[in-house]
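Structure below is structure_11.csv: CSV, C-alpha atoms.
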```csv
chain,number,residue,atom,x,y,z
A,13,MET,CA,-38.4,-12.3,-44.9
A,14,LYS,CA,-34.9,-10.9,-45.4
A,15,SER,CA,-36.0,-7.4,-44.5
A,16,ALA,CA,-37.6,-8.7,-41.3
A,17,ALA,CA,-34.4,-10.4,-40.2
A,18,LYS,CA,-32.4,-7.3,-40.9
A,19,ALA,CA,-34.8,-5.3,-38.8
A,20,ARG,CA,-34.4,-7.6,-35.8
A,21,LEU,CA,-30.6,-7.4,-36.1
A,22,ALA,CA,-30.8,-3.6,-36.1
A,23,LEU,CA,-32.9,-3.7,-32.9
A,24,LEU,CA,-30.6,-6.2,-31.1
A,25,ALA,CA,-27.3,-4.6,-32.0
A,26,PRO,CA,-27.6,-1.6,-29.6
A,27,LEU,CA,-28.7,-3.9,-26.8
A,28,ALA,CA,-25.6,-6.1,-27.2
A,29,LEU,CA,-23.3,-3.1,-27.3
A,30,GLY,CA,-24.8,-1.8,-24.1
A,31,ILE,CA,-24.2,-5.1,-22.3
A,32,ALA,CA,-20.6,-5.6,-23.4
A,33,GLY,CA,-19.5,-2.0,-23.2
A,34,PRO,CA,-19.2,-1.6,-19.4
A,35,ALA,CA,-17.4,-5.0,-19.1
A,36,CYS,CA,-14.8,-4.0,-21.7
A,37,ALA,CA,-14.3,-0.6,-20.0
A,38,ARG,CA,-13.2,-2.0,-16.6
A,39,ALA,CA,-9.4,-2.0,-16.0
A,40,PRO,CA,-7.8,-4.7,-13.7
A,41,VAL,CA,-6.7,-3.4,-10.3
A,42,PRO,CA,-3.2,-4.6,-9.3
A,43,ALA,CA,-3.0,-6.4,-6.0
A,44,ALA,CA,-0.8,-4.9,-3.3
A,45,VAL,CA,2.8,-6.4,-3.4
A,46,ALA,CA,4.4,-7.2,0.0
A,47,PRO,CA,7.9,-5.8,0.4
A,48,TYR,CA,10.4,-8.4,-0.6
A,49,GLY,CA,14.2,-8.4,-1.1
A,50,PRO,CA,16.8,-6.4,0.7
A,51,GLU,CA,14.4,-3.5,1.2
A,52,ALA,CA,12.4,-5.7,3.6
A,53,ASP,CA,15.2,-5.3,6.2
A,54,TYR,CA,15.2,-1.5,6.0
A,55,PRO,CA,15.0,0.9,7.7
A,56,VAL,CA,17.4,-0.4,10.3
A,57,THR,CA,16.6,0.8,13.8
A,58,ILE,CA,19.4,1.5,16.4
A,59,GLY,CA,17.5,3.6,18.9
A,60,ASP,CA,18.5,5.7,22.0
A,61,PRO,CA,19.9,4.4,25.3
A,62,TYR,CA,17.3,2.8,27.6
A,63,VAL,CA,17.2,1.3,31.1
A,64,ILE,CA,16.0,-2.1,32.3
A,65,GLY,CA,16.2,-3.1,35.9
A,66,GLY,CA,18.7,-0.4,36.8
A,67,THR,CA,21.1,-1.3,33.8
A,68,THR,CA,21.6,1.2,30.9
A,69,TYR,CA,21.9,-0.3,27.5
A,70,THR,CA,23.3,1.8,24.6
A,71,PRO,CA,22.4,0.4,21.1
A,72,SER,CA,25.1,0.7,18.4
A,73,ASP,CA,25.8,-0.6,14.9
A,74,THR,CA,28.7,-2.9,15.8
A,75,LEU,CA,29.6,-4.7,12.5
A,76,ASN,CA,32.2,-7.1,14.0
A,77,TYR,CA,30.2,-8.0,17.1
A,78,ASP,CA,31.4,-11.3,18.6
A,79,ALA,CA,30.7,-12.4,22.2
A,80,VAL,CA,30.2,-15.4,24.5
A,81,GLY,CA,27.5,-15.5,27.2
A,82,TYR,CA,24.3,-17.2,28.1
A,83,ALA,CA,21.1,-17.5,26.1
A,84,ARG,CA,17.6,-17.4,27.6
A,85,ALA,CA,14.5,-19.4,26.3
A,86,GLY,CA,11.9,-16.8,25.4
A,87,ALA,CA,8.1,-17.3,25.0
A,88,GLN,CA,7.8,-14.6,22.3
A,89,GLY,CA,8.9,-14.4,18.7
A,90,SER,CA,8.0,-16.4,15.6
A,91,GLY,CA,10.2,-18.4,13.4
A,92,ILE,CA,14.0,-18.4,14.0
A,93,SER,CA,14.3,-15.0,15.7
A,94,GLY,CA,15.7,-13.5,18.9
A,95,ALA,CA,16.1,-10.4,21.1
A,96,HIS,CA,19.3,-8.4,21.9
A,97,HIS,CA,20.0,-5.4,24.0
A,98,THR,CA,22.2,-3.3,21.7
A,99,LEU,CA,22.6,-4.7,18.1
A,100,PRO,CA,20.6,-2.9,15.3
A,101,LEU,CA,17.1,-4.2,14.4
A,102,PRO,CA,16.8,-6.1,12.3
A,103,CYS,CA,20.2,-7.8,11.8
A,104,TYR,CA,21.5,-11.4,11.5
A,105,VAL,CA,23.7,-13.4,13.9
A,106,GLU,CA,25.1,-16.9,14.1
A,107,VAL,CA,24.4,-18.5,17.5
A,108,THR,CA,26.7,-21.4,18.5
A,109,ALA,CA,25.8,-23.8,21.4
A,110,LEU,CA,29.1,-24.1,23.4
A,111,ASP,CA,28.0,-27.5,24.8
A,112,THR,CA,27.7,-29.1,21.3
A,113,GLY,CA,29.3,-26.8,18.8
A,114,HIS,CA,26.0,-26.7,16.8
A,115,THR,CA,25.5,-23.3,15.0
A,116,ILE,CA,22.3,-21.7,13.4
A,117,LEU,CA,21.5,-18.5,11.6
A,118,LEU,CA,19.0,-16.2,13.5
A,119,ARG,CA,17.3,-12.9,12.8
A,120,LEU,CA,17.2,-10.3,15.6
A,121,ASP,CA,14.0,-8.3,15.5
A,122,ARG,CA,13.3,-7.0,19.0
A,123,ARG,CA,15.0,-5.7,22.2
A,124,GLY,CA,15.6,-8.0,25.2
A,125,PRO,CA,15.7,-10.0,27.3
A,126,MET,CA,13.4,-7.7,29.2
A,127,GLY,CA,13.4,-9.9,32.4
A,128,GLY,CA,17.1,-10.7,32.7
A,129,LYS,CA,20.6,-9.8,31.8
A,130,GLN,CA,21.4,-12.7,29.5
A,131,LEU,CA,23.4,-12.1,26.3
A,132,ILE,CA,20.5,-13.0,24.0
A,133,GLU,CA,16.9,-14.3,24.1
A,134,LEU,CA,15.8,-17.0,21.6
A,135,SER,CA,12.4,-17.7,20.2
A,136,PRO,CA,10.9,-21.2,20.9
A,137,ASP,CA,11.7,-22.4,17.3
A,138,ALA,CA,15.3,-21.1,17.5
A,139,TRP,CA,15.7,-22.8,21.0
A,140,ALA,CA,14.6,-26.1,19.5
A,141,GLN,CA,16.8,-25.8,16.4
A,142,LEU,CA,19.9,-25.4,18.6
A,143,GLY,CA,18.9,-28.6,20.4
A,144,PHE,CA,18.3,-27.0,23.8
A,145,THR,CA,15.7,-28.6,26.1
A,146,GLY,CA,14.2,-27.2,29.3
A,147,GLY,CA,14.2,-23.6,30.4
A,148,SER,CA,17.7,-23.3,31.9
A,149,ASP,CA,20.1,-20.8,30.5
A,150,ALA,CA,22.6,-22.2,27.9
A,151,PRO,CA,26.1,-21.1,27.1
A,152,VAL,CA,26.4,-19.7,23.6
A,153,ARG,CA,28.5,-17.6,21.2
A,154,VAL,CA,26.8,-14.7,19.3
A,155,ARG,CA,28.5,-13.4,16.1
A,156,ARG,CA,27.0,-10.8,13.7
A,157,VAL,CA,27.1,-11.9,10.1
A,158,ASN,CA,25.8,-10.7,6.6
A,159,PRO,CA,24.1,-13.8,5.1
A,160,PRO,CA,22.9,-14.0,1.4
A,161,GLU,CA,19.4,-12.7,0.5
A,162,ALA,CA,18.1,-16.3,0.0
A,163,GLU,CA,18.7,-17.1,3.7
A,164,ARG,CA,17.4,-13.7,4.8
A,165,ALA,CA,14.1,-14.3,2.9
A,166,ARG,CA,13.7,-17.7,4.6
A,167,LEU,CA,14.0,-16.2,8.1
A,168,ARG,CA,11.7,-13.3,7.2
A,169,THR,CA,8.9,-15.7,6.1
A,170,GLY,CA,9.3,-17.9,9.2
A,171,GLY,CA,11.5,-20.6,7.7
A,172,ARG,CA,14.9,-21.9,8.6
A,173,ALA,CA,18.3,-21.3,7.1
A,174,PRO,CA,20.6,-24.2,6.5
A,175,ASP,CA,22.6,-25.2,9.6
A,176,ARG,CA,26.2,-24.0,9.7
A,177,MET,CA,29.3,-26.2,9.9
A,178,GLU,CA,30.1,-27.7,13.3
A,179,THR,CA,32.6,-25.6,15.3
A,180,PRO,CA,36.2,-27.1,15.5
A,181,VAL,CA,37.1,-28.6,18.8
A,182,GLY,CA,40.1,-26.3,19.3
A,183,LEU,CA,38.0,-23.1,18.8
A,184,LEU,CA,35.2,-24.5,21.0
A,185,THR,CA,37.6,-25.1,23.8
A,186,ALA,CA,38.9,-21.5,23.6
A,187,LEU,CA,35.4,-20.1,23.6
A,188,ARG,CA,34.5,-22.2,26.7
A,189,ARG,CA,37.6,-21.0,28.5
A,190,LYS,CA,36.7,-17.4,27.7
A,191,LEU,CA,33.3,-17.9,29.4
A,192,VAL,CA,34.8,-19.9,32.4
A,193,VAL,CA,37.2,-17.1,33.4
A,194,ALA,CA,34.7,-14.3,32.8
A,195,THR,CA,33.6,-12.5,35.9
A,196,PRO,CA,29.9,-11.4,36.2
A,197,ALA,CA,29.5,-7.6,36.4
A,198,ALA,CA,26.9,-8.1,39.2
A,199,PRO,CA,26.0,-11.1,41.5
A,200,ASP,CA,22.7,-11.6,39.6
A,201,GLU,CA,24.2,-11.2,36.1
A,202,PRO,CA,25.4,-14.2,34.1
A,203,PRO,CA,29.0,-14.1,33.0
A,204,SER,CA,29.8,-12.9,29.5
A,205,ALA,CA,32.9,-11.9,27.5
A,206,LEU,CA,33.2,-9.7,24.4
A,207,LEU,CA,35.5,-11.2,21.8
A,208,THR,CA,35.4,-8.3,19.3
A,209,GLY,CA,33.6,-5.1,18.8
A,210,ALA,CA,35.1,-3.0,21.6
A,211,GLY,CA,38.8,-2.9,21.0
A,212,GLN,CA,39.3,-6.6,21.4
A,213,LYS,CA,41.3,-8.7,19.0
A,214,PRO,CA,39.2,-11.3,17.1
A,215,ILE,CA,39.5,-14.8,18.3
A,216,ALA,CA,41.1,-17.4,16.0
A,217,GLN,CA,38.6,-19.1,13.6
A,218,GLY,CA,40.5,-22.4,13.7
A,219,LEU,CA,42.9,-24.5,15.7
A,220,PRO,CA,45.7,-22.6,17.3
A,221,VAL,CA,49.0,-22.9,15.5
A,222,ALA,CA,52.0,-24.0,17.6
A,223,PRO,CA,55.0,-21.5,17.3
A,224,GLN,CA,57.8,-22.9,15.2
A,225,PRO,CA,61.2,-23.1,16.9
A,226,VAL,CA,63.8,-20.5,15.7
A,227,THR,CA,67.1,-22.0,14.8
A,228,HIS,CA,70.4,-20.0,14.6
A,229,ALA,CA,73.4,-21.1,12.6
A,230,ILE,CA,76.4,-21.8,14.8
A,231,PRO,CA,79.7,-20.5,13.3
A,232,PRO,CA,82.5,-23.0,13.0
A,233,ALA,CA,85.0,-23.1,15.8
A,234,LYS,CA,88.3,-21.3,15.1
A,235,PRO,CA,91.4,-23.5,15.2
A,236,MET,CA,93.4,-23.2,18.4
A,237,PRO,CA,96.9,-21.8,18.0
A,238,PRO,CA,99.7,-24.2,18.7
A,239,ALA,CA,100.9,-24.3,22.3
A,240,MET,CA,104.1,-22.5,23.1
A,241,VAL,CA,106.6,-24.9,24.6
A,242,ALA,CA,109.1,-23.4,27.1
A,243,PRO,CA,112.7,-24.7,27.1
A,244,LEU,CA,113.4,-27.3,29.8
A,245,LYS,CA,115.5,-26.2,32.8
A,246,PRO,CA,117.9,-28.5,34.6
A,247,VAL,CA,116.5,-29.9,37.9
A,248,LEU,CA,118.8,-29.4,40.9
A,249,PRO,CA,118.6,-31.4,44.1
A,250,PRO,CA,117.1,-29.5,47.1
A,251,PRO,CA,119.6,-28.1,49.6
A,252,VAL,CA,120.1,-30.1,52.9
A,253,VAL,CA,118.7,-28.1,55.9
A,254,ALA,CA,119.2,-29.2,59.5
A,255,LYS,CA,115.9,-30.0,61.2
A,256,PRO,CA,115.1,-28.2,64.5
A,257,ALA,CA,114.4,-30.1,67.7
A,258,PRO,CA,110.7,-31.0,68.0
A,259,LYS,CA,108.7,-28.9,70.4
A,260,PRO,CA,106.8,-30.5,73.2
A,261,PRO,CA,103.1,-31.0,72.3
A,262,GLU,CA,100.8,-28.3,73.6
A,263,PRO,CA,97.6,-29.2,75.4
A,264,LYS,CA,94.7,-29.3,73.1
A,265,PRO,CA,91.7,-27.1,74.1
A,266,ALA,CA,88.4,-28.8,74.8
A,267,PRO,CA,86.3,-29.0,71.7
A,268,LYS,CA,83.5,-26.4,71.6
A,269,VAL,CA,80.0,-27.8,71.2
A,270,GLU,CA,78.2,-25.6,68.7
A,271,PRO,CA,74.5,-25.7,68.5
A,272,LYS,CA,73.1,-27.4,65.4
A,273,PRO,CA,71.5,-25.1,63.0
A,274,ALA,CA,67.7,-25.3,62.8
A,275,GLU,CA,66.5,-27.4,60.0
A,276,PRO,CA,64.7,-25.3,57.4
A,277,LYS,CA,61.0,-25.8,57.3
A,278,PRO,CA,59.6,-27.0,54.0
A,279,ALA,CA,58.0,-24.2,52.1
A,280,ALA,CA,54.2,-24.2,52.1
A,281,ALA,CA,52.8,-25.6,49.0
A,282,ALA,CA,51.2,-23.1,46.6
A,283,ARG,CA,47.5,-22.8,46.8
A,284,MET,CA,46.0,-23.9,43.4
A,285,SER,CA,42.8,-25.3,42.0
A,286,VAL,CA,41.5,-26.7,38.8
A,287,GLN,CA,38.4,-24.9,37.3
A,288,VAL,CA,36.4,-27.7,35.7
A,289,ALA,CA,33.2,-26.0,34.4
A,290,ALA,CA,30.4,-23.6,35.3
A,291,PHE,CA,26.7,-24.8,35.4
A,292,SER,CA,23.4,-23.0,35.6
A,293,THR,CA,21.9,-25.6,38.0
A,294,ARG,CA,23.3,-27.0,41.2
A,295,ASP,CA,22.3,-30.6,40.3
A,296,HIS,CA,24.4,-30.6,37.2
A,297,ALA,CA,27.3,-29.1,39.1
A,298,GLU,CA,27.1,-31.7,41.9
A,299,LYS,CA,27.1,-34.5,39.3
A,300,ALA,CA,30.2,-33.1,37.6
A,301,ALA,CA,31.9,-32.6,41.1
A,302,ALA,CA,31.2,-36.2,42.0
A,303,GLN,CA,32.6,-37.4,38.7
A,304,VAL,CA,36.0,-35.6,39.1
A,305,GLY,CA,36.2,-35.4,42.9
A,306,GLY,CA,35.8,-31.7,43.1
A,307,LYS,CA,33.8,-29.1,45.1
A,308,VAL,CA,30.8,-27.0,44.1
A,309,GLU,CA,31.1,-23.2,44.7
A,310,PRO,CA,28.4,-20.6,44.0
A,311,ALA,CA,29.2,-17.8,41.6
A,312,GLY,CA,26.2,-15.4,41.3
A,313,LYS,CA,23.4,-17.4,39.7
A,314,PHE,CA,25.8,-20.1,38.6
A,315,TRP,CA,27.7,-23.0,40.2
A,316,ARG,CA,31.3,-23.6,39.5
A,317,VAL,CA,33.1,-27.0,40.0
A,318,ARG,CA,36.7,-26.8,41.2
A,319,ILE,CA,39.3,-29.3,42.4
A,320,PRO,CA,41.5,-28.0,45.2
A,321,ALA,CA,45.2,-28.8,44.8
A,322,ASN,CA,48.4,-28.3,47.0
A,323,GLY,CA,51.2,-27.7,44.6
A,324,GLU,CA,51.8,-28.0,40.9
A,325,GLY,CA,51.9,-31.8,40.9
A,326,GLN,CA,48.4,-32.2,42.4
A,327,ALA,CA,47.1,-29.5,40.1
A,328,LYS,CA,48.4,-31.2,36.9
A,329,ALA,CA,47.0,-34.6,38.1
A,330,ALA,CA,43.5,-33.0,38.7
A,331,LEU,CA,43.6,-31.2,35.3
A,332,ALA,CA,44.3,-34.5,33.6
A,333,LYS,CA,41.5,-36.2,35.5
A,334,ALA,CA,39.0,-33.4,34.5
A,335,LYS,CA,40.0,-33.6,30.8
A,336,GLN,CA,39.7,-37.4,30.9
A,337,ALA,CA,36.2,-36.9,32.2
A,338,GLY,CA,35.3,-34.9,29.1
A,339,TYR,CA,35.8,-31.3,30.3
A,340,ALA,CA,38.2,-30.1,27.7
A,341,GLY,CA,37.9,-26.5,28.9
A,342,ALA,CA,39.3,-27.2,32.4
A,343,LEU,CA,42.3,-25.0,33.5
A,344,ILE,CA,44.6,-24.5,36.5
A,345,LEU,CA,44.0,-21.4,38.7
A,346,HIS,CA,46.7,-20.0,41.0
A,347,HIS,CA,45.4,-18.4,44.3
A,348,ASP,CA,48.2,-16.1,45.4
```
Reformat the file's structure so that it appears as structure tokens.
Amino acid sequence: MKSAAKARLALLAPLALGIAGPACARAPVPAAVAPYGPEADYPVTIGDPYVIGGTTYTPSDTLNYDAVGYARAGAQGSGISGAHHTLPLPCYVEVTALDTGHTILLRLDRRGPMGGKQLIELSPDAWAQLGFTGGSDAPVRVRRVNPPEAERARLRTGGRAPDRMETPVGLLTALRRKLVVATPAAPDEPPSALLTGAGQKPIAQGLPVAPQPVTHAIPPAKPMPPAMVAPLKPVLPPPVVAKPAPKPPEPKPAPKVEPKPAEPKPAAAARMSVQVAAFSTRDHAEKAAAQVGGKVEPAGKFWRVRIPANGEGQAKAALAKAKQAGYAGALILHHD
């Protein structure tokens, strides 16, 4: 019986080896690994100049780009992304809402806006993270930054980076003033101002510091020399002189009546006004004008609220009224 069992094992052994052999010979195939890390942001594309609606845009690698303008709500783009006319793709920027001071980190991955001349176009998720509602253009600051890899990875995968610190009130007021005094390059173009990146000095990142008064030491006064006293002379009585006979009085001429000089006319008061704010819709502008007693004036696609004033006194009173109503960026304009 032992010999029969050995014979069966000898017959089954080649069969078992034939079954197990191919399975042991297969090598595992590694799965394709998606690019991750800093190499996922390269190569960076700058591109050649291009034209949209008659305007030529020249892309450039501006490292210290910093500008204020208007953002447009886009229908394209996933996650927290945006479109820009000239910055490299991809790159990262911080976008600040000038109405609230709220700031987010955003990844630029496409050119645009293709249907307007706004400073930047935001994806729906980025528009919502900044707290904007509706489709009207919103005033923003766009500043190029170099965030850490952990935040880059979140934006590449459709997530959100942590919100930034709120902008200080002093800096926010300076940014709003830059946008208020900016002049549109064309009637259909929203106003914008470049803070750095083209020979401009960077704007202060905090509250402005008041200049310290310069004091000069006053040297001590020199003592006055003693006064020289002249010797006293004897006082002699005046000589007696005979008085001449009085002359008869001469007839007085009739008084001349001279015309009165013309009274000077008061100088005309200087023409001034107080620039309160600029709005993208007429309804918002009219509400603000009714609040401060100003007038609404069109400026391209936007509406400016101004308070006319005759003279410095009225202008200062109107400025105080505008700031009391919450418009910290209001300023006095002189119309020469």
Between A:Leu207, A:Tyr77, A:Leu191, A:Gly128, which residue has the minimum interatomic distance to Val157 of chain A, considering only C-alpha atoms?
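Closest candidate: A:Tyr77.
The gap separating atom CA of Ala301 of chain A from atom CA of Phe314 of chain A is 14.1 Å, in Å to one decimal.
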Work out how far apart atom CA of Ala289 of chain A and atom CA of Val193 of chain A are and give it in Å to one decimal.
9.8 Å
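Between atom CA of Ala329 of chain A and atom CA of Thr185 of chain A lies a distance of 19.6 Å.
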When you look at Ala173 of chain A with a cut-off of 12 Å (counting only C-alpha atoms), what residues show up, excluding the ones that are within fewer than 2 positions of it in the same chain? I need them as a ChimeraX atom specification.
/A:91-93,104-106,115-119,138,141,159-171,175-176
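Using all atoms listed in the file, the shortest contact distance between Gly146 of chain A and any of A:Gly86, A:Pro249, A:Pro61, A:Gly66 is found at A:Gly86.
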Restricting the calculation to only C-alpha atoms: of A:Leu343, A:Ala327, A:Ile132, A:Ala95, which residue gets closest to Met284 of chain A?
A:Ala327
Just want the 10 Å neighbourhood of Pro102 of chain A, counted on all atoms listed in the file, with same-chain residues fewer than 3 positions away dropped. Output as an MDAnalysis selection string.
chainID A and resid 52:58 93:95 99 119:122
Answer as a count of residues only, residues within 9 Å of (37.7, -26.0, 42.5) using all atoms listed in the file
17
Distance query Ala205 of chain A at most 8 Å, all atoms listed in the file, self and fewer than 3 positions along chain excluded, as a list in words:
Ala79, Val80, Gly81, Lys190, Leu191 and Ala194 of chain A
Would you save the residues from that selection as a JSON list (two decimals), in the frame of the given file, using C-alpha atoms?
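Contents of result23.json, freshly written:
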```
[["chain", "number", "residue", "atom", "x", "y", "z"],
["A", 79, "ALA", "CA", 30.70, -12.40, 22.20],
["A", 80, "VAL", "CA", 30.20, -15.40, 24.50],
["A", 81, "GLY", "CA", 27.50, -15.50, 27.20],
["A", 190, "LYS", "CA", 36.70, -17.40, 27.70],
["A", 191, "LEU", "CA", 33.30, -17.90, 29.40],
["A", 194, "ALA", "CA", 34.70, -14.30, 32.80]]
```
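For the set A:Leu142, A:Ala83, A:Ile344, A:Ala109, the residue with the smallest atom-to-atom gap to Arg188 of chain A is A:Ala109, counting only C-alpha atoms.
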